[in-house]
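Asks: What follows is final_28.cif; its format and atoms are mmCIF, N, CA and C atoms.
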data_final
#
loop_
_atom_site.label_atom_id
_atom_site.label_comp_id
_atom_site.auth_asym_id
_atom_site.auth_seq_id
_atom_site.Cartn_x
_atom_site.Cartn_y
_atom_site.Cartn_z
N MET A 1 61.77 16.69 79.20
CA MET A 1 61.54 15.38 78.65
C MET A 1 60.62 15.51 77.43
N ILE A 2 61.01 14.88 76.35
CA ILE A 2 60.21 14.93 75.12
C ILE A 2 59.08 13.92 75.23
N SER A 3 57.89 14.37 74.89
CA SER A 3 56.73 13.49 74.92
C SER A 3 56.22 13.29 73.49
N PHE A 4 56.10 12.06 73.09
CA PHE A 4 55.60 11.74 71.76
C PHE A 4 54.12 11.38 71.86
N PRO A 5 53.34 11.73 70.84
CA PRO A 5 51.94 11.32 70.87
C PRO A 5 51.84 9.80 70.82
N LYS A 6 50.74 9.28 71.35
CA LYS A 6 50.53 7.84 71.32
C LYS A 6 50.48 7.35 69.88
N LYS A 7 51.10 6.22 69.64
CA LYS A 7 51.05 5.60 68.32
C LYS A 7 49.68 4.96 68.14
N ARG A 8 49.13 5.10 66.95
CA ARG A 8 47.80 4.59 66.64
C ARG A 8 47.90 3.28 65.87
N ILE A 9 47.17 2.29 66.34
CA ILE A 9 47.18 0.96 65.73
C ILE A 9 45.77 0.59 65.30
N LEU A 10 45.65 0.08 64.08
CA LEU A 10 44.39 -0.47 63.60
C LEU A 10 44.46 -1.98 63.72
N CYS A 11 43.54 -2.54 64.48
CA CYS A 11 43.46 -3.98 64.68
C CYS A 11 42.21 -4.49 63.97
N VAL A 12 42.39 -5.43 63.03
CA VAL A 12 41.26 -5.96 62.28
C VAL A 12 41.22 -7.48 62.45
N ASP A 13 40.14 -7.95 63.05
CA ASP A 13 39.95 -9.39 63.26
C ASP A 13 38.46 -9.66 63.30
N ASP A 14 38.02 -10.72 62.65
CA ASP A 14 36.58 -11.01 62.63
C ASP A 14 36.07 -11.53 63.97
N SER A 15 36.96 -11.86 64.87
CA SER A 15 36.57 -12.30 66.21
C SER A 15 36.53 -11.10 67.15
N GLU A 16 35.35 -10.83 67.69
CA GLU A 16 35.22 -9.71 68.64
C GLU A 16 36.12 -9.94 69.85
N ASP A 17 36.20 -11.19 70.32
CA ASP A 17 37.05 -11.49 71.47
C ASP A 17 38.52 -11.16 71.19
N ASP A 18 39.00 -11.51 69.99
CA ASP A 18 40.39 -11.20 69.64
C ASP A 18 40.59 -9.69 69.55
N CYS A 19 39.65 -8.97 68.98
CA CYS A 19 39.76 -7.50 68.91
C CYS A 19 39.86 -6.90 70.30
N VAL A 20 39.02 -7.37 71.21
CA VAL A 20 39.03 -6.86 72.58
C VAL A 20 40.37 -7.19 73.25
N LEU A 21 40.84 -8.41 73.08
CA LEU A 21 42.11 -8.82 73.68
C LEU A 21 43.27 -7.99 73.14
N PHE A 22 43.36 -7.87 71.81
CA PHE A 22 44.42 -7.03 71.21
C PHE A 22 44.34 -5.61 71.76
N SER A 23 43.13 -5.07 71.81
CA SER A 23 42.94 -3.70 72.27
C SER A 23 43.39 -3.53 73.72
N LEU A 24 43.00 -4.46 74.58
CA LEU A 24 43.40 -4.38 75.99
C LEU A 24 44.91 -4.44 76.15
N ILE A 25 45.53 -5.39 75.49
CA ILE A 25 46.99 -5.57 75.62
C ILE A 25 47.72 -4.34 75.08
N LEU A 26 47.34 -3.87 73.91
CA LEU A 26 48.05 -2.76 73.29
C LEU A 26 47.77 -1.42 73.98
N THR A 27 46.55 -1.23 74.48
CA THR A 27 46.23 -0.02 75.23
C THR A 27 47.06 0.02 76.51
N GLU A 28 47.19 -1.12 77.16
CA GLU A 28 48.00 -1.22 78.37
C GLU A 28 49.47 -0.87 78.08
N GLU A 29 49.92 -1.14 76.87
CA GLU A 29 51.29 -0.81 76.47
C GLU A 29 51.44 0.65 76.03
N GLY A 30 50.34 1.41 76.04
CA GLY A 30 50.41 2.83 75.73
C GLY A 30 50.02 3.22 74.32
N TYR A 31 49.43 2.29 73.58
CA TYR A 31 49.01 2.59 72.21
C TYR A 31 47.53 2.99 72.19
N GLU A 32 47.17 3.75 71.18
CA GLU A 32 45.76 4.04 70.92
C GLU A 32 45.31 3.04 69.87
N VAL A 33 44.25 2.30 70.15
CA VAL A 33 43.84 1.21 69.28
C VAL A 33 42.43 1.44 68.74
N GLU A 34 42.30 1.30 67.43
CA GLU A 34 40.99 1.26 66.76
C GLU A 34 40.80 -0.17 66.29
N SER A 35 39.57 -0.67 66.39
CA SER A 35 39.30 -2.04 65.97
C SER A 35 38.22 -2.07 64.91
N ALA A 36 38.32 -3.08 64.06
CA ALA A 36 37.28 -3.35 63.07
C ALA A 36 37.17 -4.86 62.95
N GLN A 37 35.95 -5.33 62.65
CA GLN A 37 35.74 -6.76 62.54
C GLN A 37 35.42 -7.19 61.12
N SER A 38 35.46 -6.25 60.17
CA SER A 38 35.16 -6.61 58.79
C SER A 38 36.09 -5.87 57.84
N PHE A 39 36.23 -6.42 56.66
CA PHE A 39 37.01 -5.78 55.61
C PHE A 39 36.45 -4.40 55.32
N THR A 40 35.11 -4.31 55.19
CA THR A 40 34.46 -3.05 54.84
C THR A 40 34.74 -1.96 55.86
N ASP A 41 34.57 -2.28 57.15
CA ASP A 41 34.82 -1.29 58.21
C ASP A 41 36.30 -0.90 58.24
N ALA A 42 37.18 -1.88 58.08
CA ALA A 42 38.61 -1.60 58.09
C ALA A 42 39.00 -0.71 56.91
N ALA A 43 38.48 -1.01 55.73
CA ALA A 43 38.80 -0.21 54.55
C ALA A 43 38.37 1.24 54.74
N GLN A 44 37.21 1.44 55.36
CA GLN A 44 36.73 2.80 55.62
C GLN A 44 37.66 3.51 56.61
N LEU A 45 38.08 2.83 57.66
CA LEU A 45 39.00 3.44 58.62
C LEU A 45 40.34 3.79 57.97
N ILE A 46 40.83 2.91 57.11
CA ILE A 46 42.10 3.16 56.42
C ILE A 46 42.01 4.41 55.56
N GLU A 47 40.85 4.63 54.94
CA GLU A 47 40.68 5.79 54.07
C GLU A 47 40.46 7.09 54.83
N THR A 48 39.96 7.01 56.06
CA THR A 48 39.58 8.23 56.78
C THR A 48 40.44 8.55 57.99
N SER A 49 41.34 7.66 58.37
CA SER A 49 42.16 7.87 59.57
C SER A 49 43.63 7.60 59.27
N VAL A 50 44.46 8.04 60.18
CA VAL A 50 45.91 7.82 60.05
C VAL A 50 46.34 6.86 61.16
N PHE A 51 47.06 5.83 60.77
CA PHE A 51 47.56 4.85 61.73
C PHE A 51 49.07 4.72 61.59
N ASP A 52 49.70 4.31 62.69
CA ASP A 52 51.14 4.08 62.68
C ASP A 52 51.48 2.62 62.38
N LEU A 53 50.48 1.74 62.55
CA LEU A 53 50.70 0.31 62.30
C LEU A 53 49.33 -0.34 62.14
N CYS A 54 49.28 -1.36 61.29
CA CYS A 54 48.05 -2.14 61.11
C CYS A 54 48.33 -3.60 61.48
N LEU A 55 47.36 -4.19 62.14
CA LEU A 55 47.42 -5.59 62.54
C LEU A 55 46.18 -6.26 61.96
N PHE A 56 46.38 -7.12 60.94
CA PHE A 56 45.27 -7.71 60.22
C PHE A 56 45.23 -9.23 60.41
N ASP A 57 44.03 -9.73 60.73
CA ASP A 57 43.78 -11.17 60.65
C ASP A 57 43.65 -11.49 59.16
N ILE A 58 44.07 -12.64 58.75
CA ILE A 58 44.00 -12.97 57.32
C ILE A 58 42.58 -13.30 56.89
N SER A 59 41.78 -13.91 57.78
CA SER A 59 40.42 -14.33 57.42
C SER A 59 39.39 -13.38 58.01
N LEU A 60 38.64 -12.74 57.12
CA LEU A 60 37.56 -11.85 57.53
C LEU A 60 36.29 -12.31 56.83
N GLN A 61 35.14 -11.93 57.35
CA GLN A 61 33.89 -12.41 56.78
C GLN A 61 33.64 -11.89 55.37
N ASP A 62 34.08 -10.67 55.09
CA ASP A 62 33.78 -10.06 53.79
C ASP A 62 35.02 -9.71 52.99
N GLY A 63 36.12 -10.36 53.27
CA GLY A 63 37.37 -10.10 52.56
C GLY A 63 38.50 -10.77 53.31
N THR A 64 39.73 -10.33 53.04
CA THR A 64 40.88 -10.90 53.73
C THR A 64 41.85 -9.81 54.17
N GLY A 65 42.65 -10.16 55.15
CA GLY A 65 43.73 -9.27 55.58
C GLY A 65 44.74 -9.08 54.47
N PHE A 66 44.88 -10.08 53.62
CA PHE A 66 45.79 -9.96 52.47
C PHE A 66 45.30 -8.85 51.53
N GLU A 67 43.97 -8.78 51.30
CA GLU A 67 43.42 -7.70 50.47
C GLU A 67 43.60 -6.34 51.13
N LEU A 68 43.46 -6.29 52.47
CA LEU A 68 43.69 -5.04 53.19
C LEU A 68 45.15 -4.61 53.06
N LEU A 69 46.05 -5.58 53.16
CA LEU A 69 47.48 -5.30 53.00
C LEU A 69 47.73 -4.66 51.64
N LYS A 70 47.17 -5.24 50.59
CA LYS A 70 47.36 -4.69 49.25
C LYS A 70 46.74 -3.30 49.12
N LYS A 71 45.60 -3.09 49.77
CA LYS A 71 44.93 -1.79 49.74
C LYS A 71 45.82 -0.72 50.39
N VAL A 72 46.39 -1.04 51.54
CA VAL A 72 47.27 -0.09 52.22
C VAL A 72 48.51 0.17 51.37
N ARG A 73 49.10 -0.89 50.85
CA ARG A 73 50.33 -0.74 50.07
C ARG A 73 50.13 0.08 48.79
N ALA A 74 48.91 0.15 48.28
CA ALA A 74 48.63 0.93 47.08
C ALA A 74 48.83 2.43 47.33
N THR A 75 48.70 2.85 48.58
CA THR A 75 48.85 4.28 48.90
C THR A 75 49.92 4.57 49.93
N ASN A 76 50.41 3.55 50.64
CA ASN A 76 51.38 3.77 51.69
C ASN A 76 52.35 2.60 51.72
N SER A 77 53.54 2.85 51.22
CA SER A 77 54.51 1.76 51.12
C SER A 77 55.30 1.53 52.40
N SER A 78 55.17 2.44 53.37
CA SER A 78 56.04 2.33 54.54
C SER A 78 55.33 2.00 55.86
N MET A 79 54.01 2.05 55.90
CA MET A 79 53.32 1.75 57.16
C MET A 79 53.57 0.30 57.56
N PRO A 80 54.02 0.06 58.78
CA PRO A 80 54.21 -1.31 59.23
C PRO A 80 52.88 -2.08 59.29
N ILE A 81 52.90 -3.30 58.76
CA ILE A 81 51.72 -4.14 58.76
C ILE A 81 52.12 -5.52 59.27
N ILE A 82 51.32 -6.00 60.23
CA ILE A 82 51.51 -7.34 60.78
C ILE A 82 50.27 -8.16 60.41
N ILE A 83 50.49 -9.35 59.90
CA ILE A 83 49.40 -10.25 59.55
C ILE A 83 49.36 -11.39 60.56
N CYS A 84 48.15 -11.73 61.01
CA CYS A 84 47.94 -12.85 61.93
C CYS A 84 47.06 -13.88 61.25
N SER A 85 47.34 -15.14 61.49
CA SER A 85 46.53 -16.18 60.85
C SER A 85 46.63 -17.49 61.61
N GLY A 86 45.56 -18.24 61.55
CA GLY A 86 45.59 -19.60 62.07
C GLY A 86 46.21 -20.56 61.06
N ASP A 87 46.45 -20.05 59.85
CA ASP A 87 47.03 -20.84 58.76
C ASP A 87 48.56 -20.76 58.88
N ALA A 88 49.16 -21.83 59.31
CA ALA A 88 50.60 -21.84 59.56
C ALA A 88 51.43 -22.26 58.35
N ARG A 89 50.78 -22.46 57.20
CA ARG A 89 51.53 -22.89 56.02
C ARG A 89 52.56 -21.82 55.62
N GLY A 90 53.72 -22.28 55.24
CA GLY A 90 54.77 -21.37 54.80
C GLY A 90 54.37 -20.57 53.57
N SER A 91 53.52 -21.15 52.72
CA SER A 91 53.11 -20.44 51.51
C SER A 91 52.27 -19.21 51.85
N THR A 92 51.44 -19.31 52.87
CA THR A 92 50.64 -18.16 53.30
C THR A 92 51.55 -17.06 53.82
N GLN A 93 52.47 -17.44 54.69
CA GLN A 93 53.41 -16.47 55.24
C GLN A 93 54.24 -15.84 54.11
N GLY A 94 54.70 -16.64 53.19
CA GLY A 94 55.50 -16.13 52.07
C GLY A 94 54.74 -15.14 51.22
N GLN A 95 53.46 -15.41 50.98
CA GLN A 95 52.64 -14.50 50.17
C GLN A 95 52.49 -13.14 50.83
N VAL A 96 52.16 -13.12 52.13
CA VAL A 96 51.94 -11.83 52.78
C VAL A 96 53.24 -11.07 52.96
N MET A 97 54.32 -11.77 53.19
CA MET A 97 55.62 -11.08 53.33
C MET A 97 56.04 -10.49 51.98
N ALA A 98 55.82 -11.24 50.91
CA ALA A 98 56.16 -10.75 49.57
C ALA A 98 55.30 -9.55 49.18
N ALA A 99 54.08 -9.48 49.73
CA ALA A 99 53.18 -8.37 49.42
C ALA A 99 53.47 -7.13 50.26
N GLY A 100 54.40 -7.25 51.22
CA GLY A 100 54.81 -6.05 51.96
C GLY A 100 54.54 -6.04 53.44
N ALA A 101 54.11 -7.16 54.04
CA ALA A 101 53.95 -7.20 55.49
C ALA A 101 55.33 -7.22 56.15
N GLN A 102 55.43 -6.62 57.31
CA GLN A 102 56.70 -6.63 58.04
C GLN A 102 56.84 -7.85 58.93
N SER A 103 55.70 -8.44 59.32
CA SER A 103 55.77 -9.58 60.22
C SER A 103 54.52 -10.45 60.06
N PHE A 104 54.64 -11.71 60.44
CA PHE A 104 53.55 -12.67 60.35
C PHE A 104 53.50 -13.46 61.65
N PHE A 105 52.33 -13.53 62.26
CA PHE A 105 52.15 -14.29 63.49
C PHE A 105 51.11 -15.37 63.27
N THR A 106 51.42 -16.57 63.73
CA THR A 106 50.48 -17.67 63.66
C THR A 106 49.70 -17.72 64.97
N LYS A 107 48.38 -17.89 64.84
CA LYS A 107 47.54 -18.02 66.03
C LYS A 107 47.66 -19.44 66.57
N PRO A 108 47.67 -19.65 67.87
CA PRO A 108 47.57 -18.64 68.92
C PRO A 108 48.83 -17.78 68.98
N ILE A 109 48.62 -16.52 69.29
CA ILE A 109 49.68 -15.51 69.22
C ILE A 109 50.50 -15.47 70.51
N ASP A 110 51.79 -15.32 70.35
CA ASP A 110 52.69 -15.04 71.47
C ASP A 110 52.62 -13.53 71.69
N TYR A 111 51.81 -13.10 72.66
CA TYR A 111 51.55 -11.67 72.85
C TYR A 111 52.78 -10.89 73.29
N ASP A 112 53.67 -11.51 74.06
CA ASP A 112 54.90 -10.81 74.44
C ASP A 112 55.73 -10.49 73.20
N LEU A 113 55.85 -11.47 72.31
CA LEU A 113 56.60 -11.25 71.07
C LEU A 113 55.90 -10.23 70.18
N LEU A 114 54.57 -10.28 70.13
CA LEU A 114 53.82 -9.30 69.34
C LEU A 114 54.08 -7.88 69.84
N VAL A 115 54.02 -7.68 71.15
CA VAL A 115 54.25 -6.35 71.72
C VAL A 115 55.67 -5.87 71.41
N LYS A 116 56.65 -6.75 71.53
CA LYS A 116 58.03 -6.38 71.21
C LYS A 116 58.18 -6.03 69.73
N THR A 117 57.54 -6.80 68.87
CA THR A 117 57.62 -6.55 67.43
C THR A 117 56.98 -5.20 67.09
N ILE A 118 55.82 -4.92 67.66
CA ILE A 118 55.16 -3.64 67.41
C ILE A 118 56.03 -2.49 67.89
N ALA A 119 56.60 -2.61 69.08
CA ALA A 119 57.46 -1.55 69.60
C ALA A 119 58.63 -1.28 68.66
N GLN A 120 59.22 -2.33 68.12
CA GLN A 120 60.33 -2.15 67.18
C GLN A 120 59.87 -1.48 65.90
N LEU A 121 58.69 -1.85 65.41
CA LEU A 121 58.22 -1.32 64.14
C LEU A 121 57.76 0.14 64.21
N VAL A 122 57.29 0.58 65.36
CA VAL A 122 56.78 1.96 65.46
C VAL A 122 57.73 2.91 66.19
N SER A 123 58.86 2.41 66.64
CA SER A 123 59.81 3.29 67.34
C SER A 123 60.44 4.26 66.35
N PRO A 124 60.77 5.47 66.83
CA PRO A 124 61.42 6.44 65.94
C PRO A 124 62.71 5.90 65.33
N VAL A 125 63.43 5.05 66.03
CA VAL A 125 64.67 4.47 65.50
C VAL A 125 64.36 3.60 64.30
N ALA A 126 63.27 2.82 64.41
CA ALA A 126 62.89 1.92 63.30
C ALA A 126 62.51 2.72 62.06
N LEU A 127 62.04 3.95 62.27
CA LEU A 127 61.62 4.78 61.16
C LEU A 127 62.73 5.71 60.68
N ASN A 128 63.90 5.58 61.28
CA ASN A 128 65.03 6.43 60.93
C ASN A 128 64.74 7.91 61.13
N VAL A 129 64.05 8.23 62.21
CA VAL A 129 63.74 9.63 62.52
C VAL A 129 64.84 10.20 63.37
#
Mind turning this structure into structure tokens?

Replies:
Amino acid sequence: MISFPKKRILCVDDSEDDCVLFSLILTEEGYEVESAQSFTDAAQLIETSVFDLCLFDISLQDGTGFELLKKVRATNSSMPIIICSGDARGSTQGQVMAAGAQSFFTKPIDYDLLVKTIAQLVSPVALNV
């Protein structure tokens, strides 16, 4: 049986409770999760670590998930990125999708759908491996 290493996910949300919840759910699904609560901490992790997927809240205390999306896209055009936001306006979703996000979730999040979406985005089939 072939064993693949755990997929690594970076979860960035200014709410500690949301970071803990994302981490618990995704760890239970077999992912390795790193969390950050600020743009600065997330940017440092992006520069020093390798992730298979990023999950960004749009609103952070010292920046935005949209800025993180653009930062990642400047050096990595293929890493799956999911943006989460309490802002349900279509214009917000359109902006992040146009900037290269693969998916957009409005808070409160449907965690079952999030887990399914992540599995699709990080599976070897999704990456054409």

Asks: Tell me, as a list in words, which residues lie within 8 Å of Ser15 of chain A, counting only N, CA and C atoms; anything in the same chain fewer than 6 positions away does not count.

Replies: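 Counting only the stated atoms, we get Leu21, Ala36, Gln37, Ser38, Ser59, Leu60 and Gln61 of chain A.
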
Asks: Please write the residues from the selection above to a file, keeping N, CA and C atoms, as a PDB file, keeping the file's coordinate frame.

Replies:
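Dumped to part_33.pdb:
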ATOM      1  N   LEU A  21      40.840  -8.410  73.080  1.00  0.00           N
ATOM      2  CA  LEU A  21      42.110  -8.820  73.680  1.00  0.00           C
ATOM      3  C   LEU A  21      43.270  -7.990  73.140  1.00  0.00           C
ATOM      4  N   ALA A  36      38.320  -3.080  64.060  1.00  0.00           N
ATOM      5  CA  ALA A  36      37.280  -3.350  63.070  1.00  0.00           C
ATOM      6  C   ALA A  36      37.170  -4.860  62.950  1.00  0.00           C
ATOM      7  N   GLN A  37      35.950  -5.330  62.650  1.00  0.00           N
ATOM      8  CA  GLN A  37      35.740  -6.760  62.540  1.00  0.00           C
ATOM      9  C   GLN A  37      35.420  -7.190  61.120  1.00  0.00           C
ATOM     10  N   SER A  38      35.460  -6.250  60.170  1.00  0.00           N
ATOM     11  CA  SER A  38      35.160  -6.610  58.790  1.00  0.00           C
ATOM     12  C   SER A  38      36.090  -5.870  57.840  1.00  0.00           C
ATOM     13  N   SER A  59      41.780 -13.910  57.780  1.00  0.00           N
ATOM     14  CA  SER A  59      40.420 -14.330  57.420  1.00  0.00           C
ATOM     15  C   SER A  59      39.390 -13.380  58.010  1.00  0.00           C
ATOM     16  N   LEU A  60      38.640 -12.740  57.120  1.00  0.00           N
ATOM     17  CA  LEU A  60      37.560 -11.850  57.530  1.00  0.00           C
ATOM     18  C   LEU A  60      36.290 -12.310  56.830  1.00  0.00           C
ATOM     19  N   GLN A  61      35.140 -11.930  57.350  1.00  0.00           N
ATOM     20  CA  GLN A  61      33.890 -12.410  56.780  1.00  0.00           C
ATOM     21  C   GLN A  61      33.640 -11.890  55.370  1.00  0.00           C
TER      22      GLN A  61
END

Asks: What is the atom C of Leu24 of chain A to atom C of Thr40 of chain A distance in Å?

Replies: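 So the answer is 22.8 Å.
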
Asks: For Val50 of chain A, which of A:Met79, A:Ile118, A:Ala101, A:Ala74 is the closest residue, counting only C-alpha atoms?

Replies: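 Ranked by minimum distance to Val50 of chain A, first place goes to A:Met79.
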
Asks: Residues picked by the PyMOL selection byres ((chain A and resi 82) around 8) here, as a ChimeraX atom specification?

Replies: /A:53-58,79-81,83-85,100-105

Asks: For the structure shown, which residues end up in the PyMOL selection byres ((chain A and resi 7) around 5)? Put them as a PyMOL selection string, please?

Replies: chain A and resi 5-6+8-9+31-32

Asks: Between atom N of Lys70 of chain A and atom N of Asp17 of chain A, measure the distance and give it in Å to one decimal.

Replies: 23.3 Å

Asks: Kindly compute an axis-aligned box around the listed atoms of segment 113-121 of chain A, allowing 8 Å on each side, and express its centre and edge lengths in Å to one decimal as JSON.

Replies:
{"center_x": 57.1, "center_y": -5.7, "center_z": 68.2, "size_x": 22.5, "size_y": 27.6, "size_z": 24.2}

Asks: List every residue of chain A that DSSP, applied to the backbone of this structure, places in alpha helix (DSSP H), and write the result as a PyMOL selection string.

Replies: chain A and resi 16-28+39-48+65-75+90-98+111-122

Asks: Kindly give the distance, in Å, that separates atom CA of Arg73 of chain A and atom CA of Val33 of chain A, rounded to a single decimal.

Replies: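 For atom CA of Arg73 of chain A relative to atom CA of Val33 of chain A, the distance reads 20.4 Å.
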
Asks: Hey, what does DSSP flag as strand (DSSP E or B) within chain A? Can you give it to me as a list in words?

Replies: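 Restricting chain A to strand (DSSP E or B) produces Arg8, Ile9, Leu10, Cys11, Val12, Glu32, Val33, Glu34, Ser35, Ala36, Leu53, Cys54, Leu55, Phe56, Asp57, Ser59, Leu60, Gly63, Thr64, Ile81, Ile82, Ile83, Cys84, Ser85, Ser103, Phe104, Phe105 and Thr106 of chain A.
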